[in-house]
Amino acid sequence: MVCDGAAVSAALASFAETMREVLACRVEDRPLVSNSAALHDLLRAQMAFLPREEVRALFLDARNRLIRSEVMARGTIDAAAIHVRELIHRALDLGSAAIILAHNHPSGDPTPSAHDVSLTRAVMSAAAPLNITVHDHVVVARDGQVSLRAVGLI
(Lines give C-alpha, C1' and ligand atoms only; values in the text may rest on other atoms or scores of the structure.)
Protein backbone atom coordinates (compact mmCIF):
# COMPACT_ATOMS: atom_id res chain seq x y z
CA MET A 1 0.00 0.00 0.00
CA VAL A 2 1.31 3.45 -0.93
CA CYS A 3 0.37 6.44 1.23
CA ASP A 4 1.00 9.98 0.22
CA GLY A 5 1.86 12.67 2.76
CA ALA A 6 -1.56 14.31 2.58
CA ALA A 7 -3.35 11.04 3.38
CA VAL A 8 -1.06 10.35 6.34
CA SER A 9 -1.50 13.91 7.64
CA ALA A 10 -5.28 13.65 7.37
CA ALA A 11 -5.30 10.29 9.16
CA LEU A 12 -3.12 11.62 11.98
CA ALA A 13 -5.27 14.74 12.36
CA SER A 14 -8.39 12.59 12.54
CA PHE A 15 -6.78 10.32 15.13
CA ALA A 16 -5.65 13.31 17.23
CA GLU A 17 -9.18 14.77 17.20
CA THR A 18 -10.66 11.40 18.19
CA MET A 19 -8.22 11.12 21.11
CA ARG A 20 -9.08 14.65 22.31
CA GLU A 21 -12.76 13.67 22.29
CA VAL A 22 -12.05 10.45 24.19
CA LEU A 23 -10.05 12.33 26.82
CA ALA A 24 -12.78 14.97 27.10
CA CYS A 25 -15.30 12.20 27.78
CA ARG A 26 -13.14 11.07 30.70
CA VAL A 27 -13.69 14.40 32.46
CA GLU A 28 -17.29 15.13 31.50
CA ASP A 29 -19.70 14.53 34.36
CA ARG A 30 -16.86 13.61 36.71
CA PRO A 31 -15.38 15.89 39.33
CA LEU A 32 -12.24 17.36 37.82
CA VAL A 33 -10.64 18.24 41.12
CA SER A 34 -10.69 14.62 42.28
CA ASN A 35 -9.70 13.25 38.86
CA SER A 36 -6.51 15.17 38.20
CA ALA A 37 -4.99 12.44 36.01
CA ALA A 38 -7.82 12.78 33.49
CA LEU A 39 -7.53 16.57 33.64
CA HIS A 40 -3.79 16.48 32.99
CA ASP A 41 -4.24 14.01 30.12
CA LEU A 42 -6.86 16.26 28.55
CA LEU A 43 -4.73 19.39 28.91
CA ARG A 44 -1.69 17.64 27.48
CA ALA A 45 -3.66 16.46 24.46
CA GLN A 46 -5.20 19.88 23.88
CA MET A 47 -2.25 22.15 24.57
CA ALA A 48 1.20 20.60 25.02
CA PHE A 49 2.28 20.78 21.39
CA LEU A 50 0.68 24.02 20.25
CA PRO A 51 3.08 26.38 18.45
CA ARG A 52 1.67 29.48 20.19
CA GLU A 53 0.52 30.23 23.72
CA GLU A 54 -3.11 29.59 24.45
CA VAL A 55 -4.99 30.31 27.68
CA ARG A 56 -7.87 28.00 28.46
CA ALA A 57 -10.45 28.21 31.24
CA LEU A 58 -12.31 25.17 32.48
CA PHE A 59 -15.58 26.30 34.04
CA LEU A 60 -16.98 23.97 36.70
CA ASP A 61 -20.31 23.64 38.44
CA ALA A 62 -20.79 23.36 42.22
CA ARG A 63 -19.98 19.64 42.07
CA ASN A 64 -16.75 20.34 40.15
CA ARG A 65 -18.12 18.90 36.93
CA LEU A 66 -17.07 20.47 33.69
CA ILE A 67 -19.56 22.98 32.30
CA ARG A 68 -17.34 24.11 29.47
CA SER A 69 -13.70 24.38 28.46
CA GLU A 70 -12.97 27.50 26.44
CA VAL A 71 -9.98 29.18 24.89
CA MET A 72 -9.84 32.64 26.45
CA ALA A 73 -6.83 33.91 24.50
CA ARG A 74 -4.38 32.93 21.80
CA GLY A 75 -1.05 34.66 21.62
CA THR A 76 2.47 34.45 20.32
CA ILE A 77 5.25 31.97 20.94
CA ASP A 78 5.84 33.39 24.41
CA ALA A 79 2.77 35.36 25.53
CA ALA A 80 -1.03 35.36 25.55
CA ALA A 81 -2.99 38.12 27.22
CA ILE A 82 -6.25 37.51 29.01
CA HIS A 83 -8.44 40.04 30.73
CA VAL A 84 -9.54 39.14 34.23
CA ARG A 85 -12.81 41.02 33.77
CA GLU A 86 -13.73 38.98 30.66
CA LEU A 87 -12.84 35.70 32.36
CA ILE A 88 -14.99 36.47 35.39
CA HIS A 89 -17.82 37.72 33.17
CA ARG A 90 -17.78 34.41 31.27
CA ALA A 91 -17.78 32.41 34.52
CA LEU A 92 -20.87 34.33 35.65
CA ASP A 93 -22.58 33.84 32.28
CA LEU A 94 -22.08 30.08 32.56
CA GLY A 95 -23.14 29.90 36.21
CA SER A 96 -19.73 28.59 37.12
CA ALA A 97 -18.85 27.91 40.74
CA ALA A 98 -15.18 27.26 40.04
CA ILE A 99 -12.48 27.73 37.44
CA ILE A 100 -9.31 25.91 36.48
CA LEU A 101 -6.94 27.95 34.36
CA ALA A 102 -4.47 26.36 31.98
CA HIS A 103 -2.03 27.68 29.45
CA ASN A 104 0.83 26.25 27.47
CA HIS A 105 4.47 27.14 27.12
CA PRO A 106 5.53 26.38 23.53
CA SER A 107 9.17 26.48 24.67
CA GLY A 108 8.64 23.06 26.24
CA ASP A 109 9.47 24.26 29.78
CA PRO A 110 6.43 24.19 32.10
CA THR A 111 8.02 26.39 34.77
CA PRO A 112 5.50 29.08 35.77
CA SER A 113 6.62 32.67 35.28
CA ALA A 114 6.13 35.49 37.78
CA HIS A 115 3.43 36.82 35.42
CA ASP A 116 1.63 33.45 35.53
CA VAL A 117 1.51 33.62 39.32
CA SER A 118 0.41 37.28 39.49
CA LEU A 119 -2.31 36.72 36.88
CA THR A 120 -3.64 33.75 38.82
CA ARG A 121 -3.72 35.76 42.03
CA ALA A 122 -5.54 38.61 40.26
CA VAL A 123 -8.18 36.17 38.97
CA MET A 124 -8.55 34.68 42.46
CA SER A 125 -9.00 38.16 43.99
CA ALA A 126 -11.66 39.09 41.43
CA ALA A 127 -13.49 35.75 41.73
CA ALA A 128 -13.58 35.42 45.52
CA PRO A 129 -16.23 38.10 46.28
CA LEU A 130 -18.48 36.41 43.71
CA ASN A 131 -18.09 32.98 45.36
CA ILE A 132 -16.17 31.59 42.40
CA THR A 133 -13.24 29.42 43.40
CA VAL A 134 -10.08 29.19 41.34
CA HIS A 135 -8.93 25.63 41.96
CA ASP A 136 -5.69 25.76 40.01
CA HIS A 137 -3.64 27.13 37.16
CA VAL A 138 -1.80 24.46 35.20
CA VAL A 139 1.12 25.28 32.91
CA VAL A 140 1.33 22.70 30.13
CA ALA A 141 4.38 21.98 27.95
CA ARG A 142 5.95 19.19 25.95
CA ASP A 143 8.25 18.42 28.88
CA GLY A 144 5.48 18.14 31.49
CA GLN A 145 2.99 20.16 33.48
CA VAL A 146 3.17 22.27 36.61
CA SER A 147 0.20 22.92 38.88
CA LEU A 148 0.61 26.25 40.63
CA ARG A 149 -1.43 24.91 43.55
CA ALA A 150 0.65 21.72 43.85
CA VAL A 151 3.91 23.67 44.03
CA GLY A 152 2.50 26.17 46.56
CA LEU A 153 2.42 29.24 44.33
CA ILE A 154 -1.30 29.83 44.95
# chains A, B, ... in the order shown; residues from 1 in each chain; ligands from 1
$ select_by_dssp --residues "segment 11-152 of chain A" --states "strand (DSSP E)" --output "PDB file with all heavy atoms, in the first residue's frame"
ATOM      1  N   GLU A  54      -1.659  29.585  24.401  1.00  0.00           N
ATOM      2  CA  GLU A  54      -3.114  29.594  24.446  1.00  0.00           C
ATOM      3  C   GLU A  54      -3.510  29.506  25.917  1.00  0.00           C
ATOM      4  O   GLU A  54      -2.942  28.720  26.669  1.00  0.00           O
ATOM      5  CB  GLU A  54      -3.636  28.379  23.682  1.00  0.00           C
ATOM      6  CG  GLU A  54      -5.128  28.278  23.597  1.00  0.00           C
ATOM      7  CD  GLU A  54      -5.554  27.099  22.728  1.00  0.00           C
ATOM      8  OE1 GLU A  54      -5.484  27.220  21.493  1.00  0.00           O
ATOM      9  OE2 GLU A  54      -5.938  26.072  23.301  1.00  0.00           O
ATOM     10  N   VAL A  55      -4.471  30.341  26.312  1.00  0.00           N
ATOM     11  CA  VAL A  55      -4.990  30.311  27.677  1.00  0.00           C
ATOM     12  C   VAL A  55      -6.385  29.715  27.624  1.00  0.00           C
ATOM     13  O   VAL A  55      -7.232  30.162  26.856  1.00  0.00           O
ATOM     14  CB  VAL A  55      -5.039  31.721  28.310  1.00  0.00           C
ATOM     15  CG1 VAL A  55      -5.593  31.648  29.724  1.00  0.00           C
ATOM     16  CG2 VAL A  55      -3.662  32.371  28.285  1.00  0.00           C
ATOM     17  N   ARG A  56      -6.603  28.712  28.432  1.00  0.00           N
ATOM     18  CA  ARG A  56      -7.871  27.999  28.456  1.00  0.00           C
ATOM     19  C   ARG A  56      -8.450  28.097  29.873  1.00  0.00           C
ATOM     20  O   ARG A  56      -7.708  28.048  30.853  1.00  0.00           O
ATOM     21  CB  ARG A  56      -7.626  26.536  28.074  1.00  0.00           C
ATOM     22  CG  ARG A  56      -8.848  25.683  27.995  1.00  0.00           C
ATOM     23  CD  ARG A  56      -8.508  24.302  27.443  1.00  0.00           C
ATOM     24  NE  ARG A  56      -8.134  24.343  26.045  1.00  0.00           N
ATOM     25  CZ  ARG A  56      -9.003  24.300  25.032  1.00  0.00           C
ATOM     26  NH1 ARG A  56     -10.283  24.208  25.268  1.00  0.00           N
ATOM     27  NH2 ARG A  56      -8.587  24.351  23.793  1.00  0.00           N
ATOM     28  N   ALA A  57      -9.761  28.240  29.949  1.00  0.00           N
ATOM     29  CA  ALA A  57     -10.450  28.206  31.241  1.00  0.00           C
ATOM     30  C   ALA A  57     -11.419  27.039  31.240  1.00  0.00           C
ATOM     31  O   ALA A  57     -12.172  26.855  30.275  1.00  0.00           O
ATOM     32  CB  ALA A  57     -11.198  29.516  31.486  1.00  0.00           C
ATOM     33  N   LEU A  58     -11.366  26.264  32.296  1.00  0.00           N
ATOM     34  CA  LEU A  58     -12.313  25.174  32.481  1.00  0.00           C
ATOM     35  C   LEU A  58     -13.297  25.641  33.546  1.00  0.00           C
ATOM     36  O   LEU A  58     -12.897  25.913  34.684  1.00  0.00           O
ATOM     37  CB  LEU A  58     -11.605  23.891  32.920  1.00  0.00           C
ATOM     38  CG  LEU A  58     -10.799  23.207  31.815  1.00  0.00           C
ATOM     39  CD1 LEU A  58      -9.472  23.901  31.596  1.00  0.00           C
ATOM     40  CD2 LEU A  58     -10.596  21.762  32.142  1.00  0.00           C
ATOM     41  N   PHE A  59     -14.540  25.791  33.145  1.00  0.00           N
ATOM     42  CA  PHE A  59     -15.577  26.298  34.035  1.00  0.00           C
ATOM     43  C   PHE A  59     -16.305  25.104  34.646  1.00  0.00           C
ATOM     44  O   PHE A  59     -16.766  24.215  33.932  1.00  0.00           O
ATOM     45  CB  PHE A  59     -16.549  27.189  33.254  1.00  0.00           C
ATOM     46  CG  PHE A  59     -15.879  28.395  32.657  1.00  0.00           C
ATOM     47  CD1 PHE A  59     -15.520  28.421  31.314  1.00  0.00           C
ATOM     48  CD2 PHE A  59     -15.598  29.510  33.438  1.00  0.00           C
ATOM     49  CE1 PHE A  59     -14.902  29.522  30.749  1.00  0.00           C
ATOM     50  CE2 PHE A  59     -14.973  30.623  32.883  1.00  0.00           C
ATOM     51  CZ  PHE A  59     -14.633  30.631  31.541  1.00  0.00           C
ATOM     52  N   LEU A  60     -16.409  25.101  35.970  1.00  0.00           N
ATOM     53  CA  LEU A  60     -16.978  23.971  36.701  1.00  0.00           C
ATOM     54  C   LEU A  60     -18.230  24.371  37.452  1.00  0.00           C
ATOM     55  O   LEU A  60     -18.382  25.512  37.882  1.00  0.00           O
ATOM     56  CB  LEU A  60     -15.950  23.430  37.702  1.00  0.00           C
ATOM     57  CG  LEU A  60     -14.540  23.168  37.172  1.00  0.00           C
ATOM     58  CD1 LEU A  60     -13.618  22.771  38.309  1.00  0.00           C
ATOM     59  CD2 LEU A  60     -14.565  22.127  36.088  1.00  0.00           C
ATOM     60  N   LEU A  66     -17.367  19.545  34.765  1.00  0.00           N
ATOM     61  CA  LEU A  66     -17.067  20.468  33.686  1.00  0.00           C
ATOM     62  C   LEU A  66     -18.349  21.001  33.048  1.00  0.00           C
ATOM     63  O   LEU A  66     -19.190  20.232  32.599  1.00  0.00           O
ATOM     64  CB  LEU A  66     -16.219  19.754  32.619  1.00  0.00           C
ATOM     65  CG  LEU A  66     -15.735  20.598  31.456  1.00  0.00           C
ATOM     66  CD1 LEU A  66     -14.782  21.691  31.931  1.00  0.00           C
ATOM     67  CD2 LEU A  66     -15.057  19.716  30.426  1.00  0.00           C
ATOM     68  N   ILE A  67     -18.490  22.324  33.046  1.00  0.00           N
ATOM     69  CA  ILE A  67     -19.564  22.980  32.302  1.00  0.00           C
ATOM     70  C   ILE A  67     -19.074  23.205  30.873  1.00  0.00           C
ATOM     71  O   ILE A  67     -19.725  22.845  29.904  1.00  0.00           O
ATOM     72  CB  ILE A  67     -19.953  24.332  32.933  1.00  0.00           C
ATOM     73  CG1 ILE A  67     -20.512  24.137  34.335  1.00  0.00           C
ATOM     74  CG2 ILE A  67     -20.943  25.075  32.037  1.00  0.00           C
ATOM     75  CD1 ILE A  67     -20.692  25.443  35.095  1.00  0.00           C
ATOM     76  N   ARG A  68     -17.890  23.804  30.780  1.00  0.00           N
ATOM     77  CA  ARG A  68     -17.344  24.111  29.467  1.00  0.00           C
ATOM     78  C   ARG A  68     -15.851  24.402  29.600  1.00  0.00           C
ATOM     79  O   ARG A  68     -15.410  24.952  30.591  1.00  0.00           O
ATOM     80  CB  ARG A  68     -18.042  25.324  28.883  1.00  0.00           C
ATOM     81  CG  ARG A  68     -17.590  25.587  27.457  1.00  0.00           C
ATOM     82  CD  ARG A  68     -18.479  26.514  26.705  1.00  0.00           C
ATOM     83  NE  ARG A  68     -19.827  25.967  26.638  1.00  0.00           N
ATOM     84  CZ  ARG A  68     -20.904  26.693  26.398  1.00  0.00           C
ATOM     85  NH1 ARG A  68     -20.796  27.973  26.198  1.00  0.00           N
ATOM     86  NH2 ARG A  68     -22.084  26.143  26.342  1.00  0.00           N
ATOM     87  N   SER A  69     -15.110  24.040  28.580  1.00  0.00           N
ATOM     88  CA  SER A  69     -13.697  24.380  28.457  1.00  0.00           C
ATOM     89  C   SER A  69     -13.585  25.318  27.268  1.00  0.00           C
ATOM     90  O   SER A  69     -14.014  24.970  26.166  1.00  0.00           O
ATOM     91  CB  SER A  69     -12.876  23.106  28.216  1.00  0.00           C
ATOM     92  OG  SER A  69     -11.544  23.433  27.925  1.00  0.00           O
ATOM     93  N   GLU A  70     -13.034  26.504  27.500  1.00  0.00           N
ATOM     94  CA  GLU A  70     -12.965  27.502  26.436  1.00  0.00           C
ATOM     95  C   GLU A  70     -11.592  28.129  26.341  1.00  0.00           C
ATOM     96  O   GLU A  70     -10.945  28.383  27.355  1.00  0.00           O
ATOM     97  CB  GLU A  70     -13.979  28.629  26.680  1.00  0.00           C
ATOM     98  CG  GLU A  70     -15.404  28.205  26.551  1.00  0.00           C
ATOM     99  CD  GLU A  70     -16.383  29.362  26.658  1.00  0.00           C
ATOM    100  OE1 GLU A  70     -15.954  30.529  26.814  1.00  0.00           O
ATOM    101  OE2 GLU A  70     -17.590  29.094  26.583  1.00  0.00           O
ATOM    102  N   VAL A  71     -11.192  28.411  25.123  1.00  0.00           N
ATOM    103  CA  VAL A  71      -9.977  29.180  24.887  1.00  0.00           C
ATOM    104  C   VAL A  71     -10.318  30.640  25.155  1.00  0.00           C
ATOM    105  O   VAL A  71     -11.231  31.198  24.539  1.00  0.00           O
ATOM    106  CB  VAL A  71      -9.464  28.990  23.443  1.00  0.00           C
ATOM    107  CG1 VAL A  71      -8.278  29.907  23.176  1.00  0.00           C
ATOM    108  CG2 VAL A  71      -9.105  27.529  23.195  1.00  0.00           C
ATOM    109  N   MET A  72      -9.596  31.239  26.083  1.00  0.00           N
ATOM    110  CA  MET A  72      -9.844  32.636  26.446  1.00  0.00           C
ATOM    111  C   MET A  72      -8.916  33.587  25.695  1.00  0.00           C
ATOM    112  O   MET A  72      -9.230  34.762  25.547  1.00  0.00           O
ATOM    113  CB  MET A  72      -9.673  32.834  27.957  1.00  0.00           C
ATOM    114  CG  MET A  72     -10.626  31.999  28.803  1.00  0.00           C
ATOM    115  SD  MET A  72     -12.379  32.267  28.445  1.00  0.00           S
ATOM    116  CE  MET A  72     -12.609  33.961  28.905  1.00  0.00           C
ATOM    117  N   ALA A  73      -7.768  33.067  25.243  1.00  0.00           N
ATOM    118  CA  ALA A  73      -6.831  33.911  24.496  1.00  0.00           C
ATOM    119  C   ALA A  73      -5.854  33.038  23.733  1.00  0.00           C
ATOM    120  O   ALA A  73      -5.481  31.962  24.185  1.00  0.00           O
ATOM    121  CB  ALA A  73      -6.066  34.828  25.445  1.00  0.00           C
ATOM    122  N   ARG A  74      -5.465  33.532  22.577  1.00  0.00           N
ATOM    123  CA  ARG A  74      -4.379  32.934  21.802  1.00  0.00           C
ATOM    124  C   ARG A  74      -3.341  34.022  21.618  1.00  0.00           C
ATOM    125  O   ARG A  74      -3.678  35.185  21.403  1.00  0.00           O
ATOM    126  CB  ARG A  74      -4.882  32.446  20.448  1.00  0.00           C
ATOM    127  CG  ARG A  74      -5.722  31.195  20.567  1.00  0.00           C
ATOM    128  CD  ARG A  74      -5.997  30.568  19.200  1.00  0.00           C
ATOM    129  NE  ARG A  74      -6.654  29.286  19.363  1.00  0.00           N
ATOM    130  CZ  ARG A  74      -7.970  29.100  19.338  1.00  0.00           C
ATOM    131  NH1 ARG A  74      -8.781  30.120  19.145  1.00  0.00           N
ATOM    132  NH2 ARG A  74      -8.474  27.897  19.502  1.00  0.00           N
ATOM    133  N   ALA A  98     -16.633  27.376  39.927  1.00  0.00           N
ATOM    134  CA  ALA A  98     -15.175  27.257  40.037  1.00  0.00           C
ATOM    135  C   ALA A  98     -14.547  27.318  38.655  1.00  0.00           C
ATOM    136  O   ALA A  98     -15.200  27.078  37.644  1.00  0.00           O
ATOM    137  CB  ALA A  98     -14.808  25.950  40.731  1.00  0.00           C
ATOM    138  N   ILE A  99     -13.248  27.612  38.668  1.00  0.00           N
ATOM    139  CA  ILE A  99     -12.477  27.731  37.436  1.00  0.00           C
ATOM    140  C   ILE A  99     -11.144  27.014  37.618  1.00  0.00           C
ATOM    141  O   ILE A  99     -10.544  27.080  38.700  1.00  0.00           O
ATOM    142  CB  ILE A  99     -12.178  29.208  37.094  1.00  0.00           C
ATOM    143  CG1 ILE A  99     -13.452  30.025  36.938  1.00  0.00           C
ATOM    144  CG2 ILE A  99     -11.312  29.323  35.844  1.00  0.00           C
ATOM    145  CD1 ILE A  99     -13.207  31.533  36.887  1.00  0.00           C
ATOM    146  N   ILE A 100     -10.698  26.372  36.573  1.00  0.00           N
ATOM    147  CA  ILE A 100      -9.314  25.913  36.482  1.00  0.00           C
ATOM    148  C   ILE A 100      -8.728  26.600  35.256  1.00  0.00           C
ATOM    149  O   ILE A 100      -9.290  26.511  34.164  1.00  0.00           O
ATOM    150  CB  ILE A 100      -9.211  24.385  36.336  1.00  0.00           C
ATOM    151  CG1 ILE A 100      -9.766  23.688  37.582  1.00  0.00           C
ATOM    152  CG2 ILE A 100      -7.752  23.967  36.081  1.00  0.00           C
ATOM    153  CD1 ILE A 100      -9.857  22.178  37.459  1.00  0.00           C
ATOM    154  N   LEU A 101      -7.637  27.302  35.462  1.00  0.00           N
ATOM    155  CA  LEU A 101      -6.944  27.954  34.357  1.00  0.00           C
ATOM    156  C   LEU A 101      -5.844  27.030  33.840  1.00  0.00           C
ATOM    157  O   LEU A 101      -5.260  26.275  34.615  1.00  0.00           O
ATOM    158  CB  LEU A 101      -6.301  29.259  34.824  1.00  0.00           C
ATOM    159  CG  LEU A 101      -7.247  30.368  35.255  1.00  0.00           C
ATOM    160  CD1 LEU A 101      -6.459  31.498  35.905  1.00  0.00           C
ATOM    161  CD2 LEU A 101      -8.023  30.874  34.058  1.00  0.00           C
ATOM    162  N   ALA A 102      -5.573  27.118  32.565  1.00  0.00           N
ATOM    163  CA  ALA A 102      -4.468  26.364  31.977  1.00  0.00           C
ATOM    164  C   ALA A 102      -3.922  27.156  30.813  1.00  0.00           C
ATOM    165  O   ALA A 102      -4.666  27.837  30.113  1.00  0.00           O
ATOM    166  CB  ALA A 102      -4.936  24.996  31.505  1.00  0.00           C
ATOM    167  N   HIS A 103      -2.632  27.108  30.653  1.00  0.00           N
ATOM    168  CA  HIS A 103      -2.030  27.677  29.454  1.00  0.00           C
ATOM    169  C   HIS A 103      -0.767  26.886  29.136  1.00  0.00           C
ATOM    170  O   HIS A 103      -0.245  26.167  29.976  1.00  0.00           O
ATOM    171  CB  HIS A 103      -1.771  29.180  29.591  1.00  0.00           C
ATOM    172  CG  HIS A 103      -0.528  29.542  30.322  1.00  0.00           C
ATOM    173  ND1 HIS A 103      -0.440  29.532  31.697  1.00  0.00           N
ATOM    174  CD2 HIS A 103       0.698  29.922  29.863  1.00  0.00           C
ATOM    175  CE1 HIS A 103       0.774  29.912  32.060  1.00  0.00           C
ATOM    176  NE2 HIS A 103       1.491  30.148  30.966  1.00  0.00           N
ATOM    177  N   ASN A 104      -0.337  27.017  27.902  1.00  0.00           N
ATOM    178  CA  ASN A 104       0.825  26.254  27.467  1.00  0.00           C
ATOM    179  C   ASN A 104       2.047  27.144  27.320  1.00  0.00           C
ATOM    180  O   ASN A 104       1.941  28.359  27.161  1.00  0.00           O
ATOM    181  CB  ASN A 104       0.529  25.540  26.148  1.00  0.00           C
ATOM    182  CG  ASN A 104       0.305  26.506  25.012  1.00  0.00           C
ATOM    183  OD1 ASN A 104      -0.440  27.470  25.140  1.00  0.00           O
ATOM    184  ND2 ASN A 104       0.964  26.268  23.890  1.00  0.00           N
ATOM    185  N   THR A 133     -14.528  29.924  42.945  1.00  0.00           N
ATOM    186  CA  THR A 133     -13.241  29.418  43.401  1.00  0.00           C
ATOM    187  C   THR A 133     -12.323  29.168  42.208  1.00  0.00           C
ATOM    188  O   THR A 133     -12.760  28.619  41.201  1.00  0.00           O
ATOM    189  CB  THR A 133     -13.439  28.084  44.157  1.00  0.00           C
ATOM    190  OG1 THR A 133     -14.351  28.300  45.231  1.00  0.00           O
ATOM    191  CG2 THR A 133     -12.134  27.532  44.668  1.00  0.00           C
ATOM    192  N   VAL A 134     -11.082  29.552  42.339  1.00  0.00           N
ATOM    193  CA  VAL A 134     -10.078  29.195  41.344  1.00  0.00           C
ATOM    194  C   VAL A 134      -9.301  28.026  41.940  1.00  0.00           C
ATOM    195  O   VAL A 134      -8.527  28.188  42.879  1.00  0.00           O
ATOM    196  CB  VAL A 134      -9.143  30.374  41.006  1.00  0.00           C
ATOM    197  CG1 VAL A 134      -8.075  29.942  40.003  1.00  0.00           C
ATOM    198  CG2 VAL A 134      -9.950  31.543  40.463  1.00  0.00           C
ATOM    199  N   HIS A 135      -9.553  26.832  41.412  1.00  0.00           N
ATOM    200  CA  HIS A 135      -8.926  25.633  41.956  1.00  0.00           C
ATOM    201  C   HIS A 135      -7.439  25.547  41.620  1.00  0.00           C
ATOM    202  O   HIS A 135      -6.646  25.103  42.445  1.00  0.00           O
ATOM    203  CB  HIS A 135      -9.610  24.366  41.426  1.00  0.00           C
ATOM    204  CG  HIS A 135     -10.940  24.103  42.022  1.00  0.00           C
ATOM    205  ND1 HIS A 135     -11.169  24.063  43.374  1.00  0.00           N
ATOM    206  CD2 HIS A 135     -12.135  23.850  41.436  1.00  0.00           C
ATOM    207  CE1 HIS A 135     -12.437  23.789  43.609  1.00  0.00           C
ATOM    208  NE2 HIS A 135     -13.046  23.667  42.444  1.00  0.00           N
ATOM    209  N   ASP A 136      -7.077  25.952  40.416  1.00  0.00           N
ATOM    210  CA  ASP A 136      -5.689  25.758  40.011  1.00  0.00           C
ATOM    211  C   ASP A 136      -5.405  26.537  38.734  1.00  0.00           C
ATOM    212  O   ASP A 136      -6.311  27.026  38.068  1.00  0.00           O
ATOM    213  CB  ASP A 136      -5.422  24.267  39.760  1.00  0.00           C
ATOM    214  CG  ASP A 136      -3.951  23.875  39.916  1.00  0.00           C
ATOM    215  OD1 ASP A 136      -3.077  24.771  40.016  1.00  0.00           O
ATOM    216  OD2 ASP A 136      -3.681  22.665  39.946  1.00  0.00           O
ATOM    217  N   HIS A 137      -4.133  26.635  38.437  1.00  0.00           N
ATOM    218  CA  HIS A 137      -3.640  27.130  37.156  1.00  0.00           C
ATOM    219  C   HIS A 137      -2.543  26.157  36.760  1.00  0.00           C
ATOM    220  O   HIS A 137      -1.550  26.000  37.478  1.00  0.00           O
ATOM    221  CB  HIS A 137      -3.105  28.547  37.294  1.00  0.00           C
ATOM    222  CG  HIS A 137      -2.666  29.166  36.002  1.00  0.00           C
ATOM    223  ND1 HIS A 137      -2.522  30.517  35.857  1.00  0.00           N
ATOM    224  CD2 HIS A 137      -2.335  28.633  34.799  1.00  0.00           C
ATOM    225  CE1 HIS A 137      -2.119  30.798  34.619  1.00  0.00           C
ATOM    226  NE2 HIS A 137      -1.996  29.649  33.975  1.00  0.00           N
ATOM    227  N   VAL A 138      -2.733  25.488  35.652  1.00  0.00           N
ATOM    228  CA  VAL A 138      -1.797  24.460  35.196  1.00  0.00           C
ATOM    229  C   VAL A 138      -1.045  24.986  33.980  1.00  0.00           C
ATOM    230  O   VAL A 138      -1.659  25.449  33.013  1.00  0.00           O
ATOM    231  CB  VAL A 138      -2.540  23.151  34.841  1.00  0.00           C
ATOM    232  CG1 VAL A 138      -1.557  22.085  34.382  1.00  0.00           C
ATOM    233  CG2 VAL A 138      -3.369  22.658  36.026  1.00  0.00           C
ATOM    234  N   VAL A 139       0.285  24.907  34.044  1.00  0.00           N
ATOM    235  CA  VAL A 139       1.116  25.276  32.910  1.00  0.00           C
ATOM    236  C   VAL A 139       1.504  23.982  32.202  1.00  0.00           C
ATOM    237  O   VAL A 139       2.064  23.072  32.805  1.00  0.00           O
ATOM    238  CB  VAL A 139       2.370  26.056  33.342  1.00  0.00           C
ATOM    239  CG1 VAL A 139       3.202  26.459  32.120  1.00  0.00           C
ATOM    240  CG2 VAL A 139       1.993  27.283  34.160  1.00  0.00           C
ATOM    241  N   VAL A 140       1.168  23.915  30.920  1.00  0.00           N
ATOM    242  CA  VAL A 140       1.335  22.701  30.130  1.00  0.00           C
ATOM    243  C   VAL A 140       2.447  22.922  29.103  1.00  0.00           C
ATOM    244  O   VAL A 140       2.505  23.972  28.471  1.00  0.00           O
ATOM    245  CB  VAL A 140       0.023  22.376  29.374  1.00  0.00           C
ATOM    246  CG1 VAL A 140       0.150  21.112  28.556  1.00  0.00           C
ATOM    247  CG2 VAL A 140      -1.147  22.284  30.347  1.00  0.00           C
ATOM    248  N   ALA A 141       3.309  21.920  28.953  1.00  0.00           N
ATOM    249  CA  ALA A 141       4.376  21.984  27.953  1.00  0.00           C
ATOM    250  C   ALA A 141       4.729  20.574  27.496  1.00  0.00           C
ATOM    251  O   ALA A 141       4.295  19.596  28.104  1.00  0.00           O
ATOM    252  CB  ALA A 141       5.610  22.684  28.530  1.00  0.00           C
ATOM    253  N   GLY A 144       6.222  18.393  30.258  1.00  0.00           N
ATOM    254  CA  GLY A 144       5.481  18.143  31.488  1.00  0.00           C
ATOM    255  C   GLY A 144       4.482  19.234  31.795  1.00  0.00           C
ATOM    256  O   GLY A 144       4.195  20.091  30.965  1.00  0.00           O
ATOM    257  N   GLN A 145       3.969  19.188  33.011  1.00  0.00           N
ATOM    258  CA  GLN A 145       2.994  20.159  33.476  1.00  0.00           C
ATOM    259  C   GLN A 145       3.339  20.560  34.898  1.00  0.00           C
ATOM    260  O   GLN A 145       3.891  19.762  35.654  1.00  0.00           O
ATOM    261  CB  GLN A 145       1.588  19.560  33.474  1.00  0.00           C
ATOM    262  CG  GLN A 145       1.100  19.150  32.117  1.00  0.00           C
ATOM    263  CD  GLN A 145      -0.302  18.571  32.169  1.00  0.00           C
ATOM    264  OE1 GLN A 145      -1.082  18.865  33.062  1.00  0.00           O
ATOM    265  NE2 GLN A 145      -0.625  17.743  31.194  1.00  0.00           N
ATOM    266  N   VAL A 146       2.989  21.793  35.243  1.00  0.00           N
ATOM    267  CA  VAL A 146       3.168  22.266  36.610  1.00  0.00           C
ATOM    268  C   VAL A 146       1.854  22.862  37.082  1.00  0.00           C
ATOM    269  O   VAL A 146       1.286  23.736  36.429  1.00  0.00           O
ATOM    270  CB  VAL A 146       4.297  23.320  36.714  1.00  0.00           C
ATOM    271  CG1 VAL A 146       4.363  23.898  38.121  1.00  0.00           C
ATOM    272  CG2 VAL A 146       5.640  22.705  36.329  1.00  0.00           C
ATOM    273  N   SER A 147       1.374  22.380  38.213  1.00  0.00           N
ATOM    274  CA  SER A 147       0.197  22.917  38.881  1.00  0.00           C
ATOM    275  C   SER A 147       0.667  23.974  39.867  1.00  0.00           C
ATOM    276  O   SER A 147       1.471  23.665  40.770  1.00  0.00           O
ATOM    277  CB  SER A 147      -0.536  21.800  39.620  1.00  0.00           C
ATOM    278  OG  SER A 147      -1.328  22.311  40.670  1.00  0.00           O
TER     279      SER A 147
END
$ residues_around --residues "Ala126 of chain A" --least-positions-apart "6" --cutoff "12 Å" --atoms "only C-alpha atoms" --output "list in words"
His83, Val84, Arg85, Glu86, Leu87, Ile88, His89, Ala91, Leu92, Leu119, Thr120, Ile132, Thr133 and Val134 of chain A
$ closest_residue --among "A:Arg121, A:His105, A:His115, A:Arg149" --to "Ala48 of chain A" --atoms "only C-alpha atoms"
A:His105
$ atom_distance --atom1 "atom CA of Val117 of chain A" --atom2 "atom CA of Leu148 of chain A"
7.5 Å
$ atom_distance --atom1 "atom CA of Thr76 of chain A" --atom2 "atom CA of Pro106 of chain A"
9.2 Å
$ atom_distance --atom1 "atom CA of Asp78 of chain A" --atom2 "atom CA of Glu53 of chain A"
6.2 Å
$ closest_residue --among "A:Ala122, A:Thr111, A:Arg65, A:Ile154" --to "Ile82 of chain A" --atoms "only C-alpha atoms"
A:Ala122
$ closest_residue --among "A:Asp143, A:Arg90, A:Val151, A:Pro110" --to "Ala127 of chain A" --atoms "only C-alpha atoms"
A:Arg90
